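Trainee: Got work.cif for you, mmCIF, C-alpha atoms; chains and numbers go by the auth columns:
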data_final
#
loop_
_atom_site.group_PDB
_atom_site.id
_atom_site.type_symbol
_atom_site.label_atom_id
_atom_site.label_comp_id
_atom_site.label_asym_id
_atom_site.label_seq_id
_atom_site.Cartn_x
_atom_site.Cartn_y
_atom_site.Cartn_z
_atom_site.B_iso_or_equiv
_atom_site.auth_seq_id
_atom_site.auth_asym_id
ATOM 1 C CA MET A 1 0.000 0.000 0.000 0.00 1 D
ATOM 2 C CA PRO A 2 1.418 3.409 -0.920 0.00 2 D
ATOM 3 C CA SER A 3 2.385 5.619 1.984 0.00 3 D
ATOM 4 C CA GLY A 4 1.828 8.776 -0.039 0.00 4 D
ATOM 5 C CA LEU A 5 -0.448 9.711 -2.881 0.00 5 D
ATOM 6 C CA ALA A 6 0.038 12.169 -5.692 0.00 6 D
ATOM 7 C CA LEU A 7 -3.248 14.022 -6.021 0.00 7 D
ATOM 8 C CA ASP A 8 -4.529 16.484 -8.533 0.00 8 D
ATOM 9 C CA PRO A 9 -4.206 19.993 -7.032 0.00 9 D
ATOM 10 C CA ARG A 10 -7.981 20.438 -7.000 0.00 10 D
ATOM 11 C CA TYR A 11 -8.334 17.351 -4.801 0.00 11 D
ATOM 12 C CA GLU A 12 -5.567 18.566 -2.512 0.00 12 D
ATOM 13 C CA ARG A 13 -7.425 21.879 -2.115 0.00 13 D
ATOM 14 C CA LEU A 14 -10.705 20.074 -1.457 0.00 14 D
ATOM 15 C CA ILE A 15 -9.110 17.891 1.211 0.00 15 D
ATOM 16 C CA GLU A 16 -7.514 20.938 2.842 0.00 16 D
ATOM 17 C CA GLU A 17 -10.857 22.771 2.825 0.00 17 D
ATOM 18 C CA LEU A 18 -12.722 19.826 4.309 0.00 18 D
ATOM 19 C CA VAL A 19 -10.174 19.434 7.107 0.00 19 D
ATOM 20 C CA SER A 20 -9.849 23.149 7.832 0.00 20 D
ATOM 21 C CA SER A 21 -13.647 23.543 7.927 0.00 21 D
ATOM 22 C CA GLY A 22 -13.800 20.900 10.648 0.00 22 D
ATOM 23 C CA ARG A 23 -15.888 18.473 8.616 0.00 23 D
ATOM 24 C CA PHE A 24 -13.054 15.937 8.828 0.00 24 D
ATOM 25 C CA ARG A 25 -10.274 15.495 11.348 0.00 25 D
ATOM 26 C CA SER A 26 -7.558 14.558 8.879 0.00 26 D
ATOM 27 C CA PRO A 27 -6.795 14.027 5.209 0.00 27 D
ATOM 28 C CA ALA A 28 -6.891 10.282 5.882 0.00 28 D
ATOM 29 C CA ASP A 29 -10.493 10.631 7.104 0.00 29 D
ATOM 30 C CA VAL A 30 -11.429 12.469 3.893 0.00 30 D
ATOM 31 C CA VAL A 31 -9.860 9.745 1.747 0.00 31 D
ATOM 32 C CA ALA A 32 -11.529 7.005 3.823 0.00 32 D
ATOM 33 C CA ALA A 33 -14.936 8.677 3.399 0.00 33 D
ATOM 34 C CA GLY A 34 -14.386 8.931 -0.333 0.00 34 D
ATOM 35 C CA LEU A 35 -13.392 5.282 -0.561 0.00 35 D
ATOM 36 C CA ASN A 36 -16.468 4.286 1.457 0.00 36 D
ATOM 37 C CA LEU A 37 -18.664 6.147 -1.034 0.00 37 D
ATOM 38 C CA LEU A 38 -16.873 4.495 -3.954 0.00 38 D
ATOM 39 C CA GLU A 39 -17.289 1.084 -2.367 0.00 39 D
ATOM 40 C CA ALA A 40 -21.029 1.705 -1.903 0.00 40 D
ATOM 41 C CA GLU A 41 -21.388 2.937 -5.479 0.00 41 D
ATOM 42 C CA LEU A 42 -19.607 -0.136 -6.819 0.00 42 D
ATOM 43 C CA ALA A 43 -21.870 -2.399 -4.747 0.00 43 D
ATOM 44 C CA VAL A 44 -24.930 -0.679 -6.220 0.00 44 D
ATOM 45 C CA ALA A 45 -23.492 -1.118 -9.722 0.00 45 D
ATOM 46 C CA ASP A 46 -22.880 -4.820 -9.008 0.00 46 D
ATOM 47 C CA ASN A 47 -26.445 -5.188 -7.726 0.00 47 D
ATOM 48 C CA ASP A 48 -27.794 -3.421 -10.819 0.00 48 D
ATOM 49 C CA ARG A 49 -25.792 -5.786 -13.042 0.00 49 D
ATOM 50 C CA LEU A 50 -27.107 -8.818 -11.148 0.00 50 D
ATOM 51 C CA ARG A 51 -30.676 -7.519 -11.434 0.00 51 D
ATOM 52 C CA ALA A 52 -30.179 -7.083 -15.189 0.00 52 D
ATOM 53 C CA LEU A 53 -28.883 -10.648 -15.502 0.00 53 D
ATOM 54 C CA ILE A 54 -31.805 -11.978 -13.474 0.00 54 D
ATOM 55 C CA ARG A 55 -34.211 -10.017 -15.670 0.00 55 D
ATOM 56 C CA GLU A 56 -32.499 -11.438 -18.769 0.00 56 D
ATOM 57 C CA GLY A 57 -32.985 -14.955 -17.425 0.00 57 D
ATOM 58 C CA ILE A 58 -36.638 -14.340 -16.624 0.00 58 D
ATOM 59 C CA ASP A 59 -37.233 -12.813 -20.044 0.00 59 D
ATOM 60 C CA SER A 60 -35.545 -15.749 -21.798 0.00 60 D
ATOM 61 C CA GLY A 61 -38.585 -17.926 -21.238 0.00 61 D
ATOM 62 C CA PRO A 62 -39.777 -20.650 -18.944 0.00 62 D
ATOM 63 C CA GLY A 63 -37.249 -22.810 -17.172 0.00 63 D
ATOM 64 C CA ILE A 64 -36.814 -26.553 -17.472 0.00 64 D
ATOM 65 C CA PRO A 65 -36.971 -28.658 -14.315 0.00 65 D
ATOM 66 C CA ALA A 66 -33.515 -29.883 -13.295 0.00 66 D
ATOM 67 C CA ASP A 67 -34.706 -33.503 -13.082 0.00 67 D
ATOM 68 C CA GLU A 68 -35.729 -33.331 -16.741 0.00 68 D
ATOM 69 C CA VAL A 69 -32.393 -31.853 -17.809 0.00 69 D
ATOM 70 C CA PHE A 70 -30.397 -34.468 -15.888 0.00 70 D
ATOM 71 C CA ALA A 71 -32.557 -37.293 -17.265 0.00 71 D
ATOM 72 C CA ARG A 72 -31.873 -36.078 -20.800 0.00 72 D
ATOM 73 C CA LEU A 73 -28.152 -35.868 -20.110 0.00 73 D
ATOM 74 C CA ARG A 74 -28.021 -39.346 -18.578 0.00 74 D
ATOM 75 C CA SER A 75 -29.875 -40.738 -21.586 0.00 75 D
ATOM 76 C CA LYS A 76 -27.632 -38.893 -24.027 0.00 76 D
ATOM 77 C CA TYR A 77 -24.397 -40.073 -22.411 0.00 77 D
ATOM 78 C CA ALA A 78 -25.650 -43.641 -21.980 0.00 78 D
ATOM 79 C CA ALA A 79 -26.339 -43.781 -25.723 0.00 79 D
ATOM 80 C CA MET A 80 -22.808 -42.650 -26.646 0.00 80 D
ATOM 81 C CA PRO A 81 -20.564 -45.322 -28.156 0.00 81 D
ATOM 82 C CA GLY A 82 -18.506 -47.056 -25.476 0.00 82 D
ATOM 83 C CA ARG A 83 -20.745 -45.754 -22.682 0.00 83 D
ATOM 84 C CA GLY A 84 -23.589 -48.295 -22.911 0.00 84 D
ATOM 85 C CA ALA A 85 -25.602 -48.932 -19.814 0.00 85 D
#
Let me see the file written as structure tokens.
Mentor:
Amino acid sequence: MPSGLALDPRYERLIEELVSSGRFRSPADVVAAGLNLLEAELAVADNDRLRALIREGIDSGPGIPADEVFARLRSKYAAMPGRGA
């Protein structure tokens, strides 16, 4: 983990303002708050992606019962040459 960060001057000024205004106790607290917000935003994005995938699955049509799928697979593989039951 880096012990120092090179920040854009505008971010340095923002951090200084937030600390000097008393909103944060230290630059590390400002960075931690920002990372917490980023982490939350990424979690929301992940949840949105999962919801989209779930919706895609639902919209793809009715499902097939697992027992039916496995029965078909067992039958298919049993019928393969050299795999006779």
Trainee: Please measure the separation of atom CA of D:Asp59 and atom CA of D:Asp46, giving the value in Å to one decimal.
Mentor: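 For atom CA of D:Asp59 relative to atom CA of D:Asp46, the distance reads 19.8 Å.
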Trainee: Compile the contact shell of D:Gly34 as a list in words: residues with an atom at most 12 Å away, counting all atoms listed in the file, same-chain residues fewer than 3 positions apart removed.
Mentor: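 So, after excluding close chain neighbours, the residues are Tyr11, Leu14, Ile15, Leu18, Phe24, Pro27, Ala28, Asp29, Val30, Val31, Leu37, Leu38, Glu39, Ala40 and Glu41 of chain D.
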Trainee: Centre and edge lengths of an axis-aligned box around all listed atoms of stretch 62-66 of chain D, with 6 Å added on each side, are to be given in Å to one decimal, as lines of an AutoDock Vina configuration file.
Mentor:
center_x = -36.6
center_y = -25.3
center_z = -16.1
size_x = 18.3
size_y = 21.2
size_z = 17.6
Trainee: Could you tell me how far atom CA of D:Asp67 sits from atom CA of D:Ala79, in Å to one decimal place?
Mentor: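 Separation of atom CA of D:Ala79 and atom CA of D:Asp67: 18.3 Å.
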